[in-house]
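Enquirer: The following block contains the structure, expressed as C-alpha coordinates.
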Amino acid sequence: MNIRIGQGYDVHQLGEGYDLWLGGVKIPHTVGSVGHSDADVLLHAMCDALLGAAAMGDIGKHFKNTDPRWKGIDSKILLKIVVEMLEKEGYKIGNIDSTVCLQEPKIGKYIPEMIKAISEVTGLPENCISIKATTTEEMGFVGRKEGLDAHAIALIYK
(Lines give C-alpha, C1' and ligand atoms only; values in the text may rest on other atoms or scores of the structure.)
Protein backbone atom coordinates (compact mmCIF):
# COMPACT_ATOMS: atom_id res chain seq x y z
CA MET A 1 0.00 0.00 0.00
CA ASN A 2 1.25 3.47 -0.91
CA ILE A 3 0.35 5.93 1.87
CA ARG A 4 1.13 9.63 1.52
CA ILE A 5 0.56 12.72 3.63
CA GLY A 6 0.30 16.29 2.35
CA GLN A 7 0.19 19.65 4.09
CA GLY A 8 -1.60 22.74 2.79
CA TYR A 9 -1.70 26.37 3.81
CA ASP A 10 -3.60 29.35 2.44
CA VAL A 11 -4.10 32.96 3.44
CA HIS A 12 -6.40 35.74 2.22
CA GLN A 13 -6.91 39.36 3.09
CA LEU A 14 -10.25 40.43 4.47
CA GLY A 15 -12.11 43.32 2.86
CA GLU A 16 -15.44 45.06 2.69
CA GLY A 17 -17.74 44.14 -0.19
CA TYR A 18 -16.66 40.47 -0.27
CA ASP A 19 -18.41 37.35 0.97
CA LEU A 20 -16.81 35.15 3.62
CA TRP A 21 -16.75 31.56 2.37
CA LEU A 22 -15.27 28.87 4.62
CA GLY A 23 -15.46 25.15 3.94
CA GLY A 24 -18.00 25.72 1.18
CA VAL A 25 -20.35 27.63 3.49
CA LYS A 26 -21.17 31.34 3.29
CA ILE A 27 -20.62 32.83 6.75
CA PRO A 28 -22.49 36.05 7.59
CA HIS A 29 -19.97 38.78 8.41
CA THR A 30 -19.21 42.43 7.71
CA VAL A 31 -16.10 41.59 5.65
CA GLY A 32 -15.09 38.70 3.43
CA SER A 33 -12.09 37.05 1.82
CA VAL A 34 -10.43 38.91 -1.05
CA GLY A 35 -9.37 36.68 -3.94
CA HIS A 36 -9.69 35.66 -7.58
CA SER A 37 -12.09 32.79 -6.83
CA ASP A 38 -14.56 32.86 -3.93
CA ALA A 39 -11.38 32.93 -1.76
CA ASP A 40 -12.40 30.02 0.49
CA VAL A 41 -9.17 29.78 2.48
CA LEU A 42 -10.12 26.44 4.05
CA LEU A 43 -10.93 24.64 0.79
CA HIS A 44 -7.79 26.09 -0.80
CA ALA A 45 -5.64 24.70 2.03
CA MET A 46 -7.35 21.33 1.64
CA CYS A 47 -6.70 21.36 -2.12
CA ASP A 48 -3.03 22.10 -1.48
CA ALA A 49 -2.77 19.29 1.09
CA LEU A 50 -4.29 16.78 -1.32
CA LEU A 51 -2.19 17.93 -4.27
CA GLY A 52 0.94 17.95 -2.14
CA ALA A 53 0.31 14.41 -0.89
CA ALA A 54 0.20 13.24 -4.52
CA ALA A 55 3.26 15.37 -5.46
CA MET A 56 1.09 17.21 -7.98
CA GLY A 57 2.08 20.76 -7.13
CA ASP A 58 -0.26 23.28 -5.57
CA ILE A 59 -3.52 25.06 -6.25
CA GLY A 60 -1.75 27.92 -8.03
CA LYS A 61 -0.23 25.52 -10.55
CA HIS A 62 -3.60 24.09 -11.56
CA PHE A 63 -5.91 27.10 -11.04
CA LYS A 64 -3.93 30.24 -11.86
CA ASN A 65 -5.30 33.47 -10.43
CA THR A 66 -4.72 35.12 -13.81
CA ASP A 67 -7.04 32.70 -15.63
CA PRO A 68 -10.52 34.16 -16.18
CA ARG A 69 -12.04 30.65 -16.00
CA TRP A 70 -11.48 30.66 -12.25
CA LYS A 71 -12.73 34.22 -11.57
CA GLY A 72 -15.33 34.05 -8.80
CA ILE A 73 -15.53 30.24 -9.00
CA ASP A 74 -17.00 28.25 -6.13
CA SER A 75 -14.03 26.59 -4.44
CA LYS A 76 -16.07 23.41 -3.99
CA ILE A 77 -15.65 23.00 -7.76
CA LEU A 78 -11.88 23.36 -7.39
CA LEU A 79 -11.87 20.74 -4.62
CA LYS A 80 -13.96 18.40 -6.79
CA ILE A 81 -11.48 18.77 -9.66
CA VAL A 82 -8.58 18.00 -7.28
CA VAL A 83 -10.38 14.87 -6.01
CA GLU A 84 -10.92 13.76 -9.63
CA MET A 85 -7.22 14.35 -10.39
CA LEU A 86 -6.27 12.12 -7.47
CA GLU A 87 -8.76 9.44 -8.49
CA LYS A 88 -7.32 9.46 -12.03
CA GLU A 89 -3.92 8.61 -10.50
CA GLY A 90 -5.47 5.81 -8.41
CA TYR A 91 -5.47 7.62 -5.06
CA LYS A 92 -8.18 7.55 -2.42
CA ILE A 93 -8.46 10.03 0.42
CA GLY A 94 -8.12 8.63 3.92
CA ASN A 95 -8.85 11.75 5.94
CA ILE A 96 -8.41 15.52 6.09
CA ASP A 97 -7.58 17.49 9.24
CA SER A 98 -7.65 21.29 9.22
CA THR A 99 -7.51 24.46 11.27
CA VAL A 100 -8.91 27.88 10.37
CA CYS A 101 -7.33 30.92 12.04
CA LEU A 102 -9.46 34.04 12.24
CA GLN A 103 -10.19 36.57 14.93
CA GLU A 104 -13.87 36.90 14.11
CA PRO A 105 -16.56 35.80 13.56
CA LYS A 106 -16.75 32.72 15.74
CA ILE A 107 -17.40 29.86 13.32
CA GLY A 108 -17.90 26.84 15.58
CA LYS A 109 -21.61 26.59 14.86
CA TYR A 110 -20.90 26.41 11.10
CA ILE A 111 -18.39 23.56 11.29
CA PRO A 112 -20.95 20.73 10.97
CA GLU A 113 -22.32 22.37 7.80
CA MET A 114 -18.77 22.76 6.44
CA ILE A 115 -18.00 19.11 7.13
CA LYS A 116 -21.20 18.07 5.36
CA ALA A 117 -20.36 20.21 2.30
CA ILE A 118 -16.82 18.82 2.10
CA SER A 119 -18.10 15.27 2.54
CA GLU A 120 -20.51 15.75 -0.36
CA VAL A 121 -17.73 17.03 -2.63
CA THR A 122 -15.03 14.52 -1.68
CA GLY A 123 -17.12 11.44 -0.97
CA LEU A 124 -15.39 11.11 2.40
CA PRO A 125 -17.46 10.08 5.40
CA GLU A 126 -18.03 13.03 7.72
CA ASN A 127 -16.02 11.33 10.48
CA CYS A 128 -12.94 11.53 8.22
CA ILE A 129 -13.05 15.33 8.01
CA SER A 130 -11.86 17.47 10.91
CA ILE A 131 -12.18 21.25 11.08
CA LYS A 132 -10.93 23.24 14.03
CA ALA A 133 -11.03 26.99 14.55
CA THR A 134 -8.85 29.30 16.58
CA THR A 135 -7.92 32.94 16.96
CA THR A 136 -4.38 34.27 17.18
CA GLU A 137 -5.12 36.04 20.48
CA GLU A 138 -5.16 39.38 18.63
CA MET A 139 -1.59 38.93 17.36
CA GLY A 140 -0.41 39.40 13.77
CA PHE A 141 -2.47 40.10 10.65
CA VAL A 142 -5.17 37.65 11.77
CA GLY A 143 -5.40 39.27 15.19
CA ARG A 144 -5.65 42.72 13.59
CA LYS A 145 -8.53 41.37 11.44
CA GLU A 146 -6.63 42.08 8.22
CA GLY A 147 -6.85 38.49 7.01
CA LEU A 148 -7.37 34.85 7.82
CA ASP A 149 -5.50 31.65 7.13
CA ALA A 150 -6.03 27.90 7.14
CA HIS A 151 -3.86 24.82 7.53
CA ALA A 152 -4.75 21.33 6.33
CA ILE A 153 -3.21 17.88 6.36
CA ALA A 154 -4.49 15.06 4.17
CA LEU A 155 -3.74 11.36 3.99
CA ILE A 156 -4.11 9.64 0.64
CA TYR A 157 -3.41 6.04 -0.37
CA LYS A 158 -3.51 3.52 -3.18
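Just remember, in the C-alpha coordinates the first chain shown is A, the second B, etc., residues are 1-based per chain, and ligands are 1-based in the order shown.
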Would you list the contacts of Glu137 in chain A as number ranges by chain, taking every protein, DNA or RNA residue within 12 Å and counting only C-alpha atoms, but skipping same-chain residues closer than 3 positions in sequence?

Expert: A: 101-104, 134, 140-145

Enquirer: Distance table requested - range 95-143 of chain A against range 71-86 of chain A, cut-off 12 Å, only C-alpha atoms: one row per qualifying residue with the closest atom pair and its distance in Å to one decimal, ordered by chain and rising residue number, as a tab-separated table.

Expert:
residue	atom	partner	partner_atom	distance
A:Met114	CA	A:Lys76	CA	10.8
A:Lys116	CA	A:Lys76	CA	11.9
A:Ala117	CA	A:Lys76	CA	8.3
A:Ile118	CA	A:Lys76	CA	7.7
A:Ser119	CA	A:Lys76	CA	10.6
A:Glu120	CA	A:Lys80	CA	9.6
A:Val121	CA	A:Lys80	CA	5.8
A:Thr122	CA	A:Val83	CA	6.4
A:Gly123	CA	A:Val83	CA	9.1
A:Leu124	CA	A:Val83	CA	10.5

Enquirer: Taking the chain letters and numbering used in this document, name the residues of range 21-125 of chain A that DSSP puts in alpha helix (DSSP H), as a ChimeraX atom specification.

Expert: /A:41-53,59-62,75-88,111-122

Enquirer: Please indicate the distance in Å from CA of Ile59 in chain A to CA of Glu87 in chain A, rounded to one decimal place.

Expert: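 A separation of 16.6 Å between them.
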
Enquirer: Set the distance at 12 Å and use only C-alpha atoms: which residues neighbour Ile5 in chain A once local chain neighbours fewer than 3 positions away are removed? I'd like the list as number ranges by chain.

Expert: A: 2, 8, 46, 48-55, 91-97, 152-157

Enquirer: Considering only C-alpha atoms, state which residue in the set A:Ala45, A:Ile107, A:Val11, A:Ile115 is at the smallest distance from Gly24 in chain A.

Expert: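 Using only C-alpha atoms, the shortest distance to Gly24 in chain A belongs to A:Ile115.
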
Enquirer: Please run DSSP on the backbone and report, as a JSON list (two decimals) with N, CA, C and O atoms, in the first residue's frame, all residues within chain A that come out as strand (DSSP E or B).

Expert:
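Generated file (out-v1.json):
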[["chain", "number", "residue", "atom", "x", "y", "z"],
["A", 3, "ILE", "N", 1.00, 4.93, 1.01],
["A", 3, "ILE", "CA", 0.35, 5.93, 1.87],
["A", 3, "ILE", "C", 1.16, 7.20, 1.81],
["A", 3, "ILE", "O", 2.37, 7.19, 1.95],
["A", 4, "ARG", "N", 0.47, 8.33, 1.60],
["A", 4, "ARG", "CA", 1.13, 9.63, 1.52],
["A", 4, "ARG", "C", 0.39, 10.66, 2.37],
["A", 4, "ARG", "O", -0.82, 10.60, 2.50],
["A", 5, "ILE", "N", 1.14, 11.63, 2.85],
["A", 5, "ILE", "CA", 0.56, 12.72, 3.63],
["A", 5, "ILE", "C", 0.96, 14.04, 2.98],
["A", 5, "ILE", "O", 2.10, 14.21, 2.57],
["A", 6, "GLY", "N", 0.02, 14.97, 2.89],
["A", 6, "GLY", "CA", 0.30, 16.29, 2.35],
["A", 6, "GLY", "C", -0.17, 17.37, 3.30],
["A", 6, "GLY", "O", -1.11, 17.18, 4.07],
["A", 7, "GLN", "N", 0.51, 18.50, 3.24],
["A", 7, "GLN", "CA", 0.19, 19.65, 4.09],
["A", 7, "GLN", "C", -0.17, 20.82, 3.20],
["A", 7, "GLN", "O", 0.46, 21.03, 2.16],
["A", 8, "GLY", "N", -1.20, 21.57, 3.56],
["A", 8, "GLY", "CA", -1.60, 22.74, 2.79],
["A", 8, "GLY", "C", -1.78, 23.95, 3.68],
["A", 8, "GLY", "O", -2.13, 23.82, 4.86],
["A", 9, "TYR", "N", -1.55, 25.10, 3.09],
["A", 9, "TYR", "CA", -1.70, 26.37, 3.81],
["A", 9, "TYR", "C", -2.23, 27.40, 2.82],
["A", 9, "TYR", "O", -1.83, 27.43, 1.65],
["A", 10, "ASP", "N", -3.13, 28.25, 3.28],
["A", 10, "ASP", "CA", -3.60, 29.35, 2.44],
["A", 10, "ASP", "C", -3.92, 30.54, 3.33],
["A", 10, "ASP", "O", -4.23, 30.39, 4.52],
["A", 11, "VAL", "N", -3.85, 31.71, 2.73],
["A", 11, "VAL", "CA", -4.10, 32.96, 3.44],
["A", 11, "VAL", "C", -4.80, 33.92, 2.49],
["A", 11, "VAL", "O", -4.53, 33.90, 1.28],
["A", 12, "HIS", "N", -5.73, 34.70, 3.00],
["A", 12, "HIS", "CA", -6.40, 35.74, 2.22],
["A", 12, "HIS", "C", -6.60, 36.98, 3.07],
["A", 12, "HIS", "O", -6.80, 36.88, 4.29],
["A", 13, "GLN", "N", -6.55, 38.11, 2.42],
["A", 13, "GLN", "CA", -6.91, 39.36, 3.09],
["A", 13, "GLN", "C", -8.41, 39.39, 3.29],
["A", 13, "GLN", "O", -9.17, 38.73, 2.57],
["A", 14, "LEU", "N", -8.84, 40.17, 4.26],
["A", 14, "LEU", "CA", -10.25, 40.43, 4.47],
["A", 14, "LEU", "C", -10.56, 41.84, 3.98],
["A", 14, "LEU", "O", -9.74, 42.75, 4.14],
["A", 15, "GLY", "N", -11.73, 42.01, 3.36],
["A", 15, "GLY", "CA", -12.11, 43.32, 2.86],
["A", 15, "GLY", "C", -13.61, 43.50, 2.80],
["A", 15, "GLY", "O", -14.37, 42.52, 2.72],
["A", 20, "LEU", "N", -17.71, 36.00, 2.85],
["A", 20, "LEU", "CA", -16.81, 35.15, 3.62],
["A", 20, "LEU", "C", -17.25, 33.70, 3.44],
["A", 20, "LEU", "O", -18.26, 33.27, 3.99],
["A", 21, "TRP", "N", -16.50, 32.98, 2.62],
["A", 21, "TRP", "CA", -16.75, 31.56, 2.37],
["A", 21, "TRP", "C", -15.70, 30.75, 3.12],
["A", 21, "TRP", "O", -14.50, 30.99, 2.99],
["A", 22, "LEU", "N", -16.15, 29.78, 3.90],
["A", 22, "LEU", "CA", -15.27, 28.87, 4.62],
["A", 22, "LEU", "C", -15.83, 27.45, 4.53],
["A", 22, "LEU", "O", -16.99, 27.22, 4.89],
["A", 25, "VAL", "N", -19.17, 27.04, 2.84],
["A", 25, "VAL", "CA", -20.35, 27.63, 3.49],
["A", 25, "VAL", "C", -20.16, 29.14, 3.56],
["A", 25, "VAL", "O", -19.10, 29.63, 3.95],
["A", 26, "LYS", "N", -21.21, 29.88, 3.18],
["A", 26, "LYS", "CA", -21.17, 31.34, 3.29],
["A", 26, "LYS", "C", -21.47, 31.74, 4.73],
["A", 26, "LYS", "O", -22.53, 31.42, 5.27],
["A", 27, "ILE", "N", -20.51, 32.43, 5.35],
["A", 27, "ILE", "CA", -20.62, 32.83, 6.75],
["A", 27, "ILE", "C", -21.02, 34.31, 6.80],
["A", 27, "ILE", "O", -20.34, 35.15, 6.22],
["A", 32, "GLY", "N", -15.28, 40.02, 4.01],
["A", 32, "GLY", "CA", -15.09, 38.70, 3.43],
["A", 32, "GLY", "C", -13.69, 38.55, 2.89],
["A", 32, "GLY", "O", -12.88, 39.48, 2.93],
["A", 33, "SER", "N", -13.41, 37.37, 2.36],
["A", 33, "SER", "CA", -12.09, 37.05, 1.82],
["A", 33, "SER", "C", -11.92, 37.66, 0.43],
["A", 33, "SER", "O", -12.78, 37.52, -0.43],
["A", 92, "LYS", "N", -6.98, 7.34, -3.22],
["A", 92, "LYS", "CA", -8.18, 7.55, -2.42],
["A", 92, "LYS", "C", -7.78, 8.42, -1.24],
["A", 92, "LYS", "O", -6.63, 8.38, -0.79],
["A", 93, "ILE", "N", -8.73, 9.17, -0.74],
["A", 93, "ILE", "CA", -8.46, 10.03, 0.42],
["A", 93, "ILE", "C", -8.80, 9.26, 1.68],
["A", 93, "ILE", "O", -9.90, 8.70, 1.80],
["A", 94, "GLY", "N", -7.88, 9.27, 2.63],
["A", 94, "GLY", "CA", -8.12, 8.63, 3.92],
["A", 94, "GLY", "C", -8.83, 9.57, 4.89],
["A", 94, "GLY", "O", -9.86, 9.24, 5.45],
["A", 95, "ASN", "N", -8.24, 10.75, 5.07],
["A", 95, "ASN", "CA", -8.85, 11.75, 5.94],
["A", 95, "ASN", "C", -8.23, 13.12, 5.67],
["A", 95, "ASN", "O", -7.17, 13.22, 5.04],
["A", 96, "ILE", "N", -8.90, 14.15, 6.16],
["A", 96, "ILE", "CA", -8.41, 15.52, 6.09],
["A", 96, "ILE", "C", -8.59, 16.15, 7.46],
["A", 96, "ILE", "O", -9.68, 16.09, 8.05],
["A", 97, "ASP", "N", -7.54, 16.76, 7.96],
["A", 97, "ASP", "CA", -7.58, 17.49, 9.24],
["A", 97, "ASP", "C", -7.20, 18.94, 8.94],
["A", 97, "ASP", "O", -6.29, 19.19, 8.14],
["A", 98, "SER", "N", -7.90, 19.88, 9.55],
["A", 98, "SER", "CA", -7.65, 21.29, 9.22],
["A", 98, "SER", "C", -7.90, 22.21, 10.41],
["A", 98, "SER", "O", -8.60, 21.86, 11.36],
["A", 99, "THR", "N", -7.31, 23.41, 10.29],
["A", 99, "THR", "CA", -7.51, 24.46, 11.27],
["A", 99, "THR", "C", -7.68, 25.79, 10.54],
["A", 99, "THR", "O", -6.88, 26.10, 9.65],
["A", 100, "VAL", "N", -8.69, 26.53, 10.89],
["A", 100, "VAL", "CA", -8.91, 27.88, 10.37],
["A", 100, "VAL", "C", -8.53, 28.87, 11.45],
["A", 100, "VAL", "O", -8.92, 28.71, 12.62],
["A", 101, "CYS", "N", -7.74, 29.87, 11.09],
["A", 101, "CYS", "CA", -7.33, 30.92, 12.04],
["A", 101, "CYS", "C", -7.98, 32.23, 11.64],
["A", 101, "CYS", "O", -7.68, 32.76, 10.56],
["A", 129, "ILE", "N", -13.33, 13.92, 8.27],
["A", 129, "ILE", "CA", -13.05, 15.33, 8.01],
["A", 129, "ILE", "C", -13.08, 16.08, 9.34],
["A", 129, "ILE", "O", -14.08, 16.06, 10.05],
["A", 130, "SER", "N", -11.96, 16.72, 9.67],
["A", 130, "SER", "CA", -11.86, 17.47, 10.91],
["A", 130, "SER", "C", -11.60, 18.94, 10.59],
["A", 130, "SER", "O", -10.72, 19.25, 9.78],
["A", 131, "ILE", "N", -12.38, 19.81, 11.22],
["A", 131, "ILE", "CA", -12.18, 21.25, 11.08],
["A", 131, "ILE", "C", -12.15, 21.84, 12.49],
["A", 131, "ILE", "O", -13.08, 21.66, 13.27],
["A", 132, "LYS", "N", -11.07, 22.55, 12.76],
["A", 132, "LYS", "CA", -10.93, 23.24, 14.03],
["A", 132, "LYS", "C", -10.82, 24.73, 13.74],
["A", 132, "LYS", "O", -10.44, 25.11, 12.65],
["A", 133, "ALA", "N", -11.14, 25.54, 14.72],
["A", 133, "ALA", "CA", -11.03, 26.99, 14.55],
["A", 133, "ALA", "C", -10.35, 27.59, 15.76],
["A", 133, "ALA", "O", -10.55, 27.14, 16.89],
["A", 134, "THR", "N", -9.54, 28.62, 15.49],
["A", 134, "THR", "CA", -8.85, 29.30, 16.58],
["A", 134, "THR", "C", -8.64, 30.76, 16.21],
["A", 134, "THR", "O", -8.76, 31.13, 15.04],
["A", 147, "GLY", "N", -6.78, 39.69, 7.83],
["A", 147, "GLY", "CA", -6.85, 38.49, 7.01],
["A", 147, "GLY", "C", -7.16, 37.27, 7.84],
["A", 147, "GLY", "O", -7.41, 37.35, 9.05],
["A", 148, "LEU", "N", -7.15, 36.13, 7.17],
["A", 148, "LEU", "CA", -7.37, 34.85, 7.82],
["A", 148, "LEU", "C", -6.51, 33.82, 7.11],
["A", 148, "LEU", "O", -6.07, 34.04, 5.97],
["A", 149, "ASP", "N", -6.26, 32.71, 7.79],
["A", 149, "ASP", "CA", -5.50, 31.65, 7.13],
["A", 149, "ASP", "C", -6.06, 30.30, 7.55],
["A", 149, "ASP", "O", -6.89, 30.19, 8.46],
["A", 150, "ALA", "N", -5.60, 29.26, 6.84],
["A", 150, "ALA", "CA", -6.03, 27.90, 7.14],
["A", 150, "ALA", "C", -4.88, 26.94, 6.86],
["A", 150, "ALA", "O", -4.07, 27.16, 5.96],
["A", 151, "HIS", "N", -4.84, 25.90, 7.67],
["A", 151, "HIS", "CA", -3.86, 24.82, 7.53],
["A", 151, "HIS", "C", -4.64, 23.53, 7.34],
["A", 151, "HIS", "O", -5.69, 23.34, 7.96],
["A", 152, "ALA", "N", -4.11, 22.63, 6.52],
["A", 152, "ALA", "CA", -4.75, 21.33, 6.33],
["A", 152, "ALA", "C", -3.70, 20.25, 6.13],
["A", 152, "ALA", "O", -2.63, 20.50, 5.58],
["A", 153, "ILE", "N", -4.03, 19.07, 6.58],
["A", 153, "ILE", "CA", -3.21, 17.88, 6.36],
["A", 153, "ILE", "C", -4.16, 16.82, 5.80],
["A", 153, "ILE", "O", -5.27, 16.66, 6.29],
["A", 154, "ALA", "N", -3.68, 16.11, 4.78],
["A", 154, "ALA", "CA", -4.49, 15.06, 4.17],
["A", 154, "ALA", "C", -3.67, 13.78, 4.03],
["A", 154, "ALA", "O", -2.48, 13.83, 3.73],
["A", 155, "LEU", "N", -4.33, 12.67, 4.23],
["A", 155, "LEU", "CA", -3.74, 11.36, 3.99],
["A", 155, "LEU", "C", -4.41, 10.78, 2.75],
["A", 155, "LEU", "O", -5.65, 10.78, 2.66],
["A", 156, "ILE", "N", -3.59, 10.32, 1.81],
["A", 156, "ILE", "CA", -4.11, 9.64, 0.64],
["A", 156, "ILE", "C", -3.41, 8.29, 0.53],
["A", 156, "ILE", "O", -2.34, 8.08, 1.10],
["A", 157, "TYR", "N", -4.01, 7.38, -0.22],
["A", 157, "TYR", "CA", -3.41, 6.04, -0.37],
["A", 157, "TYR", "C", -3.86, 5.40, -1.67],
["A", 157, "TYR", "O", -4.85, 5.80, -2.27]]
